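What's in protein.pdb: PDB, C-alpha atoms and all ligand atoms
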ATOM      1  CA  LEU S  16     126.845  26.994 -15.864
ATOM      2  CA  SER S  17     124.930  24.030 -17.146
ATOM      3  CA  ILE S  18     123.216  21.450 -15.054
ATOM      4  CA  GLU S  19     123.180  18.108 -16.766
ATOM      5  CA  THR S  20     120.297  15.870 -15.965
ATOM      6  CA  ASP S  21     120.656  12.207 -16.708
ATOM      7  CA  MET S  22     117.367  11.091 -18.208
ATOM      8  CA  SER S  23     118.499   7.562 -18.952
ATOM      9  CA  TYR S  24     116.510   4.629 -17.643
ATOM     10  CA  THR S  25     117.800   1.477 -16.025
ATOM     11  CA  ILE S  26     116.119  -1.852 -15.391
ATOM     12  CA  LEU S  27     117.186  -3.866 -12.355
ATOM     13  CA  LEU S  28     116.695  -7.584 -12.013
ATOM     14  CA  TYR S  29     117.395  -9.139  -8.621
ATOM     15  CA  TYR S  30     116.405 -11.690  -6.017
ATOM     16  CA  LYS S  31     117.354 -12.899  -2.594
ATOM     17  CA  TYR S  32     116.296 -15.973  -0.691
ATOM     18  CA  THR S  33     116.116 -14.964   2.944
ATOM     19  CA  THR S  34     113.564 -15.756   5.626
ATOM     20  CA  LEU S  35     111.127 -12.882   6.027
ATOM     21  CA  THR S  36     109.230 -13.167   9.292
ATOM     22  CA  ASN S  37     106.937 -10.295   8.391
ATOM     23  CA  PRO S  38     106.505 -10.259   4.607
ATOM     24  CA  GLU S  39     103.370  -8.057   4.763
ATOM     25  CA  GLU S  40     105.460  -5.289   6.251
ATOM     26  CA  ILE S  41     108.092  -5.671   3.517
ATOM     27  CA  VAL S  42     105.357  -5.256   0.886
ATOM     28  CA  LEU S  43     104.375  -1.916   2.423
ATOM     29  CA  GLU S  44     107.985  -0.782   2.741
ATOM     30  CA  GLN S  45     108.731  -1.676  -0.874
ATOM     31  CA  LYS S  46     105.586   0.086  -2.074
ATOM     32  CA  GLU S  47     106.607   3.228  -0.265
ATOM     33  CA  LEU S  48     110.222   3.070  -1.440
ATOM     34  CA  CYS S  49     109.390   2.428  -5.096
ATOM     35  CA  ALA S  50     106.692   5.105  -5.150
ATOM     36  CA  LYS S  51     109.100   7.633  -3.665
ATOM     37  CA  LEU S  52     111.711   6.796  -6.319
ATOM     38  CA  GLY S  53     109.195   6.623  -9.170
ATOM     39  CA  LEU S  54     110.015   3.010  -9.969
ATOM     40  CA  LYS S  55     107.693   0.753 -11.913
ATOM     41  CA  GLY S  56     107.856  -2.983 -12.243
ATOM     42  CA  ARG S  57     107.023  -6.244 -10.556
ATOM     43  CA  ILE S  58     108.212  -7.380  -7.149
ATOM     44  CA  ILE S  59     107.293 -10.653  -5.490
ATOM     45  CA  ILE S  60     107.630 -10.890  -1.729
ATOM     46  CA  ALA S  61     107.336 -14.283  -0.070
ATOM     47  CA  PRO S  62     108.229 -15.732   3.314
ATOM     48  CA  GLU S  63     111.331 -17.083   1.514
ATOM     49  CA  GLY S  64     112.563 -13.756   0.125
ATOM     50  CA  ILE S  65     112.262 -11.175  -2.624
ATOM     51  CA  ASN S  66     112.357 -11.297  -6.432
ATOM     52  CA  GLY S  67     111.984  -8.186  -8.548
ATOM     53  CA  THR S  68     112.361  -6.383 -11.835
ATOM     54  CA  VAL S  69     112.035  -2.617 -11.611
ATOM     55  CA  GLU S  70     112.625   0.261 -13.967
ATOM     56  CA  GLY S  71     113.273   3.904 -13.265
ATOM     57  CA  LEU S  72     115.572   6.795 -13.983
ATOM     58  CA  THR S  73     119.136   5.578 -13.534
ATOM     59  CA  GLU S  74     119.599   7.880 -10.566
ATOM     60  CA  ALA S  75     116.492   6.397  -8.925
ATOM     61  CA  THR S  76     117.585   2.813  -9.492
ATOM     62  CA  ASN S  77     120.970   3.702  -7.964
ATOM     63  CA  ASP S  78     119.151   5.133  -4.954
ATOM     64  CA  TYR S  79     117.074   1.963  -4.704
ATOM     65  CA  ILE S  80     120.221  -0.161  -4.529
ATOM     66  CA  LYS S  81     121.677   2.195  -1.943
ATOM     67  CA  VAL S  82     118.624   1.939   0.320
ATOM     68  CA  MET S  83     118.463  -1.855  -0.078
ATOM     69  CA  ASN S  84     122.148  -2.168   0.829
ATOM     70  CA  GLU S  85     121.491  -0.276   4.032
ATOM     71  CA  SER S  86     118.885  -2.803   5.187
ATOM     72  CA  THR S  87     119.993  -5.874   7.113
ATOM     73  CA  LEU S  88     117.634  -8.165   5.189
ATOM     74  CA  PHE S  89     118.498  -7.098   1.661
ATOM     75  CA  LYS S  90     122.118  -6.037   1.711
ATOM     76  CA  ASP S  91     124.541  -7.931  -0.551
ATOM     77  CA  ILE S  92     122.071  -8.562  -3.381
ATOM     78  CA  GLU S  93     123.727  -8.874  -6.788
ATOM     79  CA  TYR S  94     121.795  -6.626  -9.166
ATOM     80  CA  LYS S  95     121.681  -7.255 -12.894
ATOM     81  CA  SER S  96     121.111  -4.020 -14.759
ATOM     82  CA  SER S  97     120.285  -3.239 -18.344
ATOM     83  CA  VAL S  98     119.313  -0.175 -20.344
ATOM     84  CA  GLY S  99     115.677   0.748 -19.845
ATOM     85  CA  THR S 100     113.181   2.325 -22.201
ATOM     86  CA  GLY S 101     111.092   4.275 -19.710
ATOM     87  CA  ASN S 102     108.086   2.118 -20.435
ATOM     88  CA  ALA S 103     109.148  -1.430 -19.732
ATOM     89  CA  PHE S 104     106.354  -1.541 -17.151
ATOM     90  CA  ARG S 105     103.030   0.228 -17.077
ATOM     91  CA  LYS S 106     102.759   0.241 -13.316
ATOM     92  CA  LEU S 107     104.203  -0.864 -10.035
ATOM     93  CA  SER S 108     102.994  -4.216  -8.772
ATOM     94  CA  ILE S 109     104.171  -5.603  -5.461
ATOM     95  CA  LYS S 110     102.607  -8.888  -4.476
ATOM     96  CA  LEU S 111     102.753 -11.198  -1.525
ATOM     97  CA  ARG S 112     103.057 -14.823  -2.633
ATOM     98  CA  GLN S 113     103.743 -18.161  -1.051
ATOM     99  CA  GLU S 114     106.856 -18.659  -3.161
ATOM    100  CA  LEU S 115     109.245 -16.592  -5.258
ATOM    101  CA  VAL S 116     108.986 -18.620  -8.436
ATOM    102  CA  SER S 117     105.541 -19.470  -9.677
ATOM    103  CA  GLY S 118     104.429 -23.062  -9.522
ATOM    104  CA  HIS S 119     105.734 -24.788  -6.456
ATOM    105  CA  LEU S 120     107.555 -28.056  -6.704
ATOM    106  CA  GLY S 121     105.077 -29.935  -4.517
ATOM    107  CA  ILE S 122     106.407 -32.637  -2.236
ATOM    108  CA  ASP S 123     109.804 -32.206  -3.847
ATOM    109  CA  ASP S 124     109.965 -28.644  -2.659
ATOM    110  CA  VAL S 125     113.424 -27.597  -1.652
ATOM    111  CA  ASN S 126     114.684 -25.027   0.776
ATOM    112  CA  PRO S 127     117.372 -23.300  -1.265
ATOM    113  CA  ASN S 128     118.986 -21.956   1.880
ATOM    114  CA  VAL S 129     119.718 -25.572   2.815
ATOM    115  CA  THR S 130     120.122 -27.385  -0.505
ATOM    116  CA  THR S 131     121.314 -25.615  -3.616
ATOM    117  CA  GLY S 132     123.875 -26.110  -6.369
ATOM    118  CA  LYS S 133     127.469 -24.920  -6.186
ATOM    119  CA  TYR S 134     128.027 -21.581  -7.887
ATOM    120  CA  VAL S 135     129.906 -21.315 -11.138
ATOM    121  CA  SER S 136     130.728 -17.735 -12.134
ATOM    122  CA  ALA S 137     130.308 -16.426 -15.668
ATOM    123  CA  GLU S 138     134.121 -16.238 -15.896
ATOM    124  CA  GLU S 139     134.546 -19.859 -14.830
ATOM    125  CA  LEU S 140     131.859 -21.113 -17.189
ATOM    126  CA  HIS S 141     133.413 -19.115 -20.020
ATOM    127  CA  GLU S 142     136.695 -20.852 -19.234
ATOM    128  CA  TRP S 143     134.964 -24.267 -19.181
ATOM    129  CA  PHE S 144     133.715 -23.629 -22.699
ATOM    130  CA  ARG S 145     137.204 -22.605 -23.843
ATOM    131  CA  THR S 146     138.958 -25.612 -22.276
ATOM    132  CA  ASN S 147     136.423 -28.174 -23.501
ATOM    133  CA  LYS S 148     135.618 -29.325 -19.991
ATOM    134  CA  ARG S 149     132.962 -32.028 -19.888
ATOM    135  CA  PHE S 150     129.752 -30.461 -18.554
ATOM    136  CA  TYR S 151     126.074 -30.235 -19.395
ATOM    137  CA  ILE S 152     123.995 -27.076 -19.285
ATOM    138  CA  VAL S 153     120.394 -27.641 -18.275
ATOM    139  CA  ASP S 154     118.177 -24.652 -19.025
ATOM    140  CA  MET S 155     115.473 -24.223 -16.378
ATOM    141  CA  ARG S 156     113.423 -21.684 -18.316
ATOM    142  CA  ASN S 157     110.171 -22.275 -20.167
ATOM    143  CA  ASP S 158     110.134 -23.336 -23.798
ATOM    144  CA  TYR S 159     109.012 -19.943 -25.130
ATOM    145  CA  GLU S 160     111.968 -18.307 -23.378
ATOM    146  CA  TYR S 161     114.435 -20.876 -24.663
ATOM    147  CA  LYS S 162     113.323 -20.542 -28.279
ATOM    148  CA  VAL S 163     114.793 -17.050 -28.853
ATOM    149  CA  GLY S 164     118.109 -17.625 -27.111
ATOM    150  CA  TYR S 165     120.117 -20.420 -25.486
ATOM    151  CA  PHE S 166     123.554 -21.729 -24.613
ATOM    152  CA  ILE S 167     125.004 -23.841 -27.385
ATOM    153  CA  ASN S 168     124.546 -27.571 -26.737
ATOM    154  CA  SER S 169     122.292 -26.909 -23.758
ATOM    155  CA  ILE S 170     119.470 -29.178 -22.693
ATOM    156  CA  GLN S 171     115.982 -27.825 -22.186
ATOM    157  CA  PRO S 172     113.795 -30.340 -20.362
ATOM    158  CA  ASN S 173     110.836 -29.065 -22.361
ATOM    159  CA  LEU S 174     109.271 -27.052 -19.582
ATOM    160  CA  LYS S 175     105.997 -25.370 -20.341
ATOM    161  CA  ASN S 176     106.051 -24.171 -16.786
ATOM    162  CA  PHE S 177     108.515 -24.339 -13.898
ATOM    163  CA  ARG S 178     106.144 -26.588 -11.962
ATOM    164  CA  ASP S 179     106.628 -29.308 -14.604
ATOM    165  CA  LEU S 180     110.214 -29.741 -13.516
ATOM    166  CA  PRO S 181     109.827 -32.763 -11.192
ATOM    167  CA  ASN S 182     107.988 -34.658 -13.957
ATOM    168  CA  THR S 183     110.612 -33.927 -16.569
ATOM    169  CA  LEU S 184     113.550 -35.098 -14.459
ATOM    170  CA  PRO S 185     113.588 -38.675 -15.831
ATOM    171  CA  GLN S 186     114.749 -37.125 -19.142
ATOM    172  CA  LEU S 187     117.919 -36.081 -17.358
ATOM    173  CA  SER S 188     118.656 -39.406 -15.659
ATOM    174  CA  HIS S 189     121.726 -39.980 -17.872
ATOM    175  CA  LEU S 190     123.341 -36.943 -16.240
ATOM    176  CA  THR S 191     123.297 -37.975 -12.578
ATOM    177  CA  ASP S 192     127.061 -38.585 -12.505
ATOM    178  CA  GLU S 193     127.994 -35.706 -14.804
ATOM    179  CA  VAL S 194     128.832 -32.057 -14.193
ATOM    180  CA  VAL S 195     125.486 -30.297 -14.579
ATOM    181  CA  VAL S 196     125.115 -26.502 -14.747
ATOM    182  CA  THR S 197     121.616 -25.135 -14.322
ATOM    183  CA  VAL S 198     120.851 -21.785 -15.948
ATOM    184  CA  CYS S 199     117.930 -19.349 -15.970
ATOM    185  CA  THR S 200     117.392 -15.622 -16.601
ATOM    186  CA  GLY S 201     118.830 -14.136 -13.416
ATOM    187  CA  GLY S 202     119.374 -17.135 -11.173
ATOM    188  CA  VAL S 203     116.252 -17.202  -9.008
ATOM    189  CA  ARG S 204     114.839 -20.391 -10.536
ATOM    190  CA  CYS S 205     118.183 -22.204 -10.495
ATOM    191  CA  LYS S 206     118.641 -21.586  -6.823
ATOM    192  CA  LYS S 207     115.727 -24.011  -6.288
ATOM    193  CA  ALA S 208     116.021 -26.165  -9.391
ATOM    194  CA  SER S 209     119.649 -27.042  -8.652
ATOM    195  CA  GLY S 210     118.603 -28.041  -5.125
ATOM    196  CA  LEU S 211     115.904 -30.285  -6.556
ATOM    197  CA  LEU S 212     118.464 -32.030  -8.778
ATOM    198  CA  ILE S 213     120.685 -32.641  -5.747
ATOM    199  CA  ASN S 214     117.744 -34.069  -3.802
ATOM    200  CA  LYS S 215     117.073 -36.349  -6.769
ATOM    201  CA  GLY S 216     120.556 -37.814  -6.648
ATOM    202  CA  PHE S 217     122.498 -35.678  -9.119
ATOM    203  CA  LYS S 218     126.049 -35.651  -7.801
ATOM    204  CA  ASP S 219     127.776 -32.624  -9.295
ATOM    205  CA  VAL S 220     125.333 -29.758  -9.673
ATOM    206  CA  TYR S 221     126.256 -26.138 -10.333
ATOM    207  CA  GLN S 222     124.174 -23.038 -10.897
ATOM    208  CA  LEU S 223     125.297 -20.088 -12.995
ATOM    209  CA  ARG S 224     125.887 -17.120 -10.704
ATOM    210  CA  GLY S 225     123.885 -14.111 -11.898
ATOM    211  CA  GLY S 226     122.146 -16.235 -14.510
ATOM    212  CA  ILE S 227     122.196 -15.807 -18.280
ATOM    213  CA  HIS S 228     121.820 -12.036 -17.863
ATOM    214  CA  THR S 229     125.259 -11.754 -16.256
ATOM    215  CA  TYR S 230     126.860 -14.123 -18.756
ATOM    216  CA  MET S 231     125.514 -12.161 -21.735
ATOM    217  CA  GLU S 232     126.607  -8.892 -20.226
ATOM    218  CA  LYS S 233     130.171 -10.158 -19.762
ATOM    219  CA  TYR S 234     130.406 -12.203 -22.948
ATOM    220  CA  PRO S 235     127.836 -10.824 -25.391
ATOM    221  CA  ASN S 236     127.058 -13.121 -28.317
ATOM    222  CA  GLN S 237     129.434 -15.813 -27.103
ATOM    223  CA  ASP S 238     128.248 -19.306 -26.082
ATOM    224  CA  PHE S 239     124.764 -17.963 -25.398
ATOM    225  CA  LYS S 240     123.223 -17.351 -28.813
ATOM    226  CA  GLY S 241     120.243 -15.174 -29.623
ATOM    227  CA  LYS S 242     118.347 -12.951 -27.221
ATOM    228  CA  LEU S 243     117.268 -13.186 -23.614
ATOM    229  CA  TYR S 244     113.536 -13.400 -22.997
ATOM    230  CA  VAL S 245     112.453 -10.987 -20.250
ATOM    231  CA  PHE S 246     109.150 -10.478 -18.466
ATOM    232  CA  ASP S 247     108.540  -6.847 -19.358
ATOM    233  CA  ALA S 248     107.499  -4.808 -22.389
ATOM    234  CA  ARG S 249     110.878  -5.322 -24.073
ATOM    235  CA  ILE S 250     110.010  -9.062 -24.362
ATOM    236  CA  THR S 251     113.588  -9.819 -25.417
ATOM    237  CA  MET S 252     116.896  -8.100 -24.760
ATOM    238  CA  GLY S 253     120.576  -8.525 -25.340
ATOM    239  CA  PHE S 254     123.943  -6.854 -25.319
ATOM    240  CA  ASN S 255     125.830  -5.712 -28.438
ATOM    241  CA  LEU S 256     122.955  -6.699 -30.678
ATOM    242  CA  ASN S 257     124.405  -4.730 -33.592
ATOM    243  CA  SER S 258     127.585  -6.763 -33.579
ATOM    244  CA  PRO S 259     128.087  -9.118 -36.552
ATOM    245  CA  ASP S 260     128.494 -11.865 -33.930
ATOM    246  CA  HIS S 261     124.859 -11.550 -32.944
ATOM    247  CA  GLU S 262     122.702 -14.330 -34.332
ATOM    248  CA  VAL S 263     118.963 -14.739 -34.575
ATOM    249  CA  VAL S 264     118.399 -18.362 -33.587
ATOM    250  CA  SER S 265     114.623 -18.622 -33.815
ATOM    251  CA  ASN S 266     112.151 -18.814 -36.668
ATOM    252  CA  CYS S 267     108.825 -17.290 -37.543
ATOM    253  CA  GLU S 268     106.190 -19.835 -36.552
ATOM    254  CA  ARG S 269     104.138 -18.944 -39.635
ATOM    255  CA  CYS S 270     106.584 -18.923 -42.547
ATOM    256  CA  GLY S 271     109.764 -20.357 -41.026
ATOM    257  CA  ASP S 272     112.022 -17.380 -41.785
ATOM    258  CA  LYS S 273     114.601 -16.358 -39.180
ATOM    259  CA  SER S 274     112.937 -14.053 -36.676
ATOM    260  CA  ASP S 275     112.865 -13.294 -32.959
ATOM    261  CA  LEU S 276     109.840 -11.032 -33.014
ATOM    262  CA  TYR S 277     107.116 -11.988 -30.567
ATOM    263  CA  ILE S 278     103.580 -10.752 -31.256
ATOM    264  CA  ASP S 279     100.226 -11.380 -29.601
ATOM    265  CA  CYS S 280      97.919 -13.847 -31.301
ATOM    266  CA  GLY S 281      94.944 -12.036 -32.879
ATOM    267  CA  ASN S 282      92.570 -14.498 -31.230
ATOM    268  CA  ILE S 283      92.047 -13.183 -27.709
ATOM    269  CA  HIS S 284      90.951 -16.647 -26.590
ATOM    270  CA  CYS S 285      94.156 -18.217 -27.886
ATOM    271  CA  VAL S 286      95.168 -21.156 -25.703
ATOM    272  CA  SER S 287      98.759 -21.486 -26.833
ATOM    273  CA  HIS S 288     100.005 -18.583 -24.709
ATOM    274  CA  ARG S 289      99.889 -14.855 -25.087
ATOM    275  CA  HIS S 290     102.342 -14.576 -27.921
ATOM    276  CA  PHE S 291     104.180 -16.369 -30.674
ATOM    277  CA  LEU S 292     107.128 -15.770 -33.005
ATOM    278  CA  SER S 293     106.183 -13.981 -36.182
ATOM    279  CA  CYS S 294     108.163 -11.879 -38.670
ATOM    280  CA  GLU S 295     107.875  -8.500 -40.403
ATOM    281  CA  LYS S 296     106.789 -10.166 -43.629
ATOM    282  CA  CYS S 297     103.955 -12.144 -42.043
ATOM    283  CA  ILE S 298     102.822  -9.162 -39.979
ATOM    284  CA  CYS S 299     102.677  -6.995 -43.133
ATOM    285  CA  ARG S 300     100.670  -9.729 -44.847
ATOM    286  CA  GLY S 301      98.145  -9.445 -42.024
ATOM    287  CA  ASP S 302      98.902 -12.891 -40.648
ATOM    288  CA  LYS S 303      98.383 -12.197 -36.986
ATOM    289  CA  PHE S 304      97.377 -15.628 -35.712
ATOM    290  CA  CYS S 305      99.565 -18.231 -34.046
ATOM    291  CA  SER S 306      97.768 -21.043 -35.876
ATOM    292  CA  ASP S 307      95.166 -21.737 -38.549
ATOM    293  CA  ASN S 308      92.894 -22.840 -35.746
ATOM    294  CA  CYS S 309      93.095 -19.401 -34.101
ATOM    295  CA  ARG S 310      92.438 -17.696 -37.429
ATOM    296  CA  GLU S 311      89.381 -19.879 -37.935
ATOM    297  CA  ILE S 312      87.997 -19.132 -34.467
ATOM    298  CA  TYR S 313      88.532 -15.424 -35.061
ATOM    299  CA  THR S 314      86.960 -15.493 -38.544
ATOM    300  CA  ASN S 315      83.934 -17.468 -37.333
ATOM    301  CA  PHE S 316      83.503 -15.087 -34.437
ATOM    302  CA  GLN S 317      83.656 -12.072 -36.768
ATOM    303  CA  SER S 318      81.060 -13.533 -39.159
ATOM    304  CA  THR S 319      78.764 -14.355 -36.229
ATOM    305  CA  LEU S 320      79.031 -10.715 -35.163
ATOM    306  CA  THR S 321      78.243  -9.573 -38.706
ATOM    307  CA  ASN S 322      75.216 -11.882 -38.841
ATOM    308  CA  ILE S 323      73.923 -10.609 -35.528
ATOM    309  CA  SER S 324      74.312  -6.958 -36.480
ATOM    310  CA  GLN S 325      72.603  -7.609 -39.848
ATOM    311  CA  SER S 326      69.657  -9.404 -38.244
ATOM    312  CA  LEU S 327      69.318  -6.518 -35.794
ATOM    313  CA  LYS S 328      69.160  -4.041 -38.658
ATOM    314  CA  SER S 329      66.519  -5.972 -40.622
TER     315      SER S 329
HETATM  316 ZN    ZN S 401     106.958 -15.126 -41.201
HETATM  317 ZN    ZN S 402      96.525 -18.348 -31.088
END

Is it possible to give me this structure as structure tokens?
Amino acid sequence: LSIETDMSYTILLYYKYTTLTNPEEIVLEQKELCAKLGLKGRIIIAPEGINGTVEGLTEATNDYIKVMNESTLFKDIEYKSSVGTGNAFRKLSIKLRQELVSGHLGIDDVNPNVTTGKYVSAEELHEWFRTNKRFYIVDMRNDYEYKVGYFINSIQPNLKNFRDLPNTLPQLSHLTDEVVVTVCTGGVRCKKASGLLINKGFKDVYQLRGGIHTYMEKYPNQDFKGKLYVFDARITMGFNLNSPDHEVVSNCERCGDKSDLYIDCGNIHCVSHRHFLSCEKCICRGDKFCSDNCREIYTNFQSTLTNISQSLKS
């Protein structure tokens, strides 16, 4: 008799907009549930709902879904799952915030339970691509996410941050009468962003159900090229990455070679974000800075340290 234990890990990505009258209590409940199941990850709780990415043993993530489906507030969530590594997250972080997606949209804020885009399923969108339907994909993710993977012919309103969205809308003014499909990682940003477009007078706005994650899972390496940026230790992910159909769409920011490898800038005071695209070759060469400016700051800092330690010795 052999008892097989499944030691595989699964990562769940999910959200739900639903009014939580007592979000503090939900935070405690989630903390207890995740601790019991040994899940790690990041969950945001807000008066408008829940948004999370958690990793655990596959059995534990299945149990998590089961428990959530038994609750009146969180039943019927569509979970996106992918293969975990066991260390996608260092810890469990469950935070109470004002909103689910960081950076609120100010006076243009939308209640996605009232105003939101029509849903287009991955299957329908796939069909739209195949039948040459006239539509425009607007990618609601940040520029560093877009760089390593995107839908062919999609528009990225050059967002450094989601809160920039209202300011970047004039760039999309030629699309007000067109079929617009908003996309993001798992759908949580589009639920609001599509509502904002509607409020701004866009007439035919859709959002991709289940986000890019679901599309890639169903149609790996088709229409969406490259990898999906994710907010955990994997940094990027994909499906069927060993297939000859998989393409690397981004370039090393140092030498320009094709690469989708993100590394941290060697200058800890780097202002241009935590990480940048490098490549094996540049890393081997010891080029660990996002820019010459960062290298200079680092080098100056190191020589100041050397000077100080020498003057202390003498
Ligand atoms: Zn390079
Ligand atoms: Zn830098």

Pick out the residues sitting within 12 Å of His189 (chain S), and hand them over as a PyMOL selection string; count only C-alpha atoms, and ignore anything fewer than 5 positions along from it in its own chain. chain S and resi 151+184+194-195+216-218

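Between ligand ZN 402 (chain S) and the candidates S:Asn282, S:Thr200, S:Asn255, S:Thr76, the tightest atom-to-atom separation, counting all atoms listed in the file, involves S:Asn282.
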
Step by step, measure atom-to-atom distances between ligand ZN 401 (chain S) and each residue using all atoms listed in the file, keep those at most 12 Å, then write them as a PyMOL selection string. chain S and resi 265-278+291-305

From (105.3, -12.7, -17.7), in the file's coordinates, out to 12 Å: which residues are reached, counting all atoms listed in the file? Answer as a ChimeraX atom specification. /S:56-57,68,104,116-117,157,159-160,176,244-251,288-290

Print the selection's residues with C-alpha atoms to a file, as an mmCIF file, in the frame of the given file.
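Produced file part-v9.cif, reproduced below:
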data_model
loop_
_atom_site.group_PDB
_atom_site.id
_atom_site.type_symbol
_atom_site.label_atom_id
_atom_site.label_comp_id
_atom_site.auth_asym_id
_atom_site.auth_seq_id
_atom_site.Cartn_x
_atom_site.Cartn_y
_atom_site.Cartn_z
ATOM 1 C CA GLY S 56 107.856 -2.983 -12.243
ATOM 2 C CA ARG S 57 107.023 -6.244 -10.556
ATOM 3 C CA THR S 68 112.361 -6.383 -11.835
ATOM 4 C CA PHE S 104 106.354 -1.541 -17.151
ATOM 5 C CA VAL S 116 108.986 -18.620 -8.436
ATOM 6 C CA SER S 117 105.541 -19.470 -9.677
ATOM 7 C CA ASN S 157 110.171 -22.275 -20.167
ATOM 8 C CA TYR S 159 109.012 -19.943 -25.130
ATOM 9 C CA GLU S 160 111.968 -18.307 -23.378
ATOM 10 C CA ASN S 176 106.051 -24.171 -16.786
ATOM 11 C CA TYR S 244 113.536 -13.400 -22.997
ATOM 12 C CA VAL S 245 112.453 -10.987 -20.250
ATOM 13 C CA PHE S 246 109.150 -10.478 -18.466
ATOM 14 C CA ASP S 247 108.540 -6.847 -19.358
ATOM 15 C CA ALA S 248 107.499 -4.808 -22.389
ATOM 16 C CA ARG S 249 110.878 -5.322 -24.073
ATOM 17 C CA ILE S 250 110.010 -9.062 -24.362
ATOM 18 C CA THR S 251 113.588 -9.819 -25.417
ATOM 19 C CA HIS S 288 100.005 -18.583 -24.709
ATOM 20 C CA ARG S 289 99.889 -14.855 -25.087
ATOM 21 C CA HIS S 290 102.342 -14.576 -27.921
#

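Applied to this file, the PyMOL selection byres (((not hetatm)) within 7 of (chain S and resi 402)) selects the residues Cys280, Gly281, Asn282, Cys285, Val286, Ser287, Phe304, Cys305, Ser306 and Cys309 of chain S.
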
Within 9 Å of region 80-94 of chain S, counting all atoms listed in the file, which residues qualify if same-chain residues fewer than 5 places away don't, as an mmCIF file with C-alpha atoms, in the frame of the given file?
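Generated output (result29.cif):
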data_model
loop_
_atom_site.group_PDB
_atom_site.id
_atom_site.type_symbol
_atom_site.label_atom_id
_atom_site.label_comp_id
_atom_site.auth_asym_id
_atom_site.auth_seq_id
_atom_site.Cartn_x
_atom_site.Cartn_y
_atom_site.Cartn_z
ATOM 1 C CA LEU S 27 117.186 -3.866 -12.355
ATOM 2 C CA LEU S 28 116.695 -7.584 -12.013
ATOM 3 C CA TYR S 29 117.395 -9.139 -8.621
ATOM 4 C CA TYR S 30 116.405 -11.690 -6.017
ATOM 5 C CA LYS S 31 117.354 -12.899 -2.594
ATOM 6 C CA THR S 33 116.116 -14.964 2.944
ATOM 7 C CA THR S 34 113.564 -15.756 5.626
ATOM 8 C CA LEU S 35 111.127 -12.882 6.027
ATOM 9 C CA LEU S 48 110.222 3.070 -1.440
ATOM 10 C CA ILE S 65 112.262 -11.175 -2.624
ATOM 11 C CA ALA S 75 116.492 6.397 -8.925
ATOM 12 C CA GLY S 225 123.885 -14.111 -11.898
#

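Counting from CA of Lys110 (chain S), the distance to CA of Ala61 (chain S) is 8.4 Å.
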
Would you give me, as a Markdown table, each residue of region 197-235 of chain S having an atom within 10 Å of an atom of region 163-169 of chain S, along with its shortest atom pair and that distance in Å to one decimal, using all atoms listed in the file and sorting by chain and residue number?
| residue | atom | partner | partner_atom | distance |
| --- | --- | --- | --- | --- |
| S:Thr197 | CA | S:Ser169 | CA | 9.6 |
| S:Val198 | CA | S:Phe166 | CA | 9.1 |
| S:Cys199 | CA | S:Tyr165 | CA | 9.8 |
| S:Ile227 | CA | S:Phe166 | CA | 8.8 |

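As for CA of Lys46 (chain S) and CA of Leu107 (chain S), they are spaced 8.1 Å apart.
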
I want to know what sits within 10 Å of Asn128 (chain S), based on only C-alpha atoms, with residues of the same chain fewer than 4 positions away left out; could you give that as a PyMOL selection string? chain S and resi 32-34+63+206-207+210

Selection result of the PyMOL selection byres (((chain S and resi 221) around 8) and not hetatm) on this file, as a VMD selection string: chain S and resid 132 to 135 194 to 197 209 219 to 220 222 to 223

Please expand the PyMOL selection byres (((chain S and resi 24) around 8) and not hetatm) into the concrete residues it hits in this file, giving the result as a compact mmCIF listing (two decimals) with C-alpha atoms, in the coordinates of the input.
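The resulting file, selection-v7.txt, is reproduced below:
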# COMPACT_ATOMS: atom_id res chain seq x y z
CA MET S 22 117.37 11.09 -18.21
CA SER S 23 118.50 7.56 -18.95
CA THR S 25 117.80 1.48 -16.02
CA ILE S 26 116.12 -1.85 -15.39
CA GLU S 70 112.62 0.26 -13.97
CA GLY S 71 113.27 3.90 -13.26
CA LEU S 72 115.57 6.80 -13.98
CA THR S 73 119.14 5.58 -13.53
CA VAL S 98 119.31 -0.18 -20.34
CA GLY S 99 115.68 0.75 -19.84
CA THR S 100 113.18 2.33 -22.20
CA GLY S 101 111.09 4.28 -19.71

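Considering the residues S:Leu52, S:Ile58, S:Leu180, S:Ile41 and counting only C-alpha atoms, Val153 (chain S) has its shortest atom-to-atom contact with S:Leu180.
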
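For the pair CA of Tyr161 (chain S) and CA of His284 (chain S), the interatomic distance is 23.9 Å.
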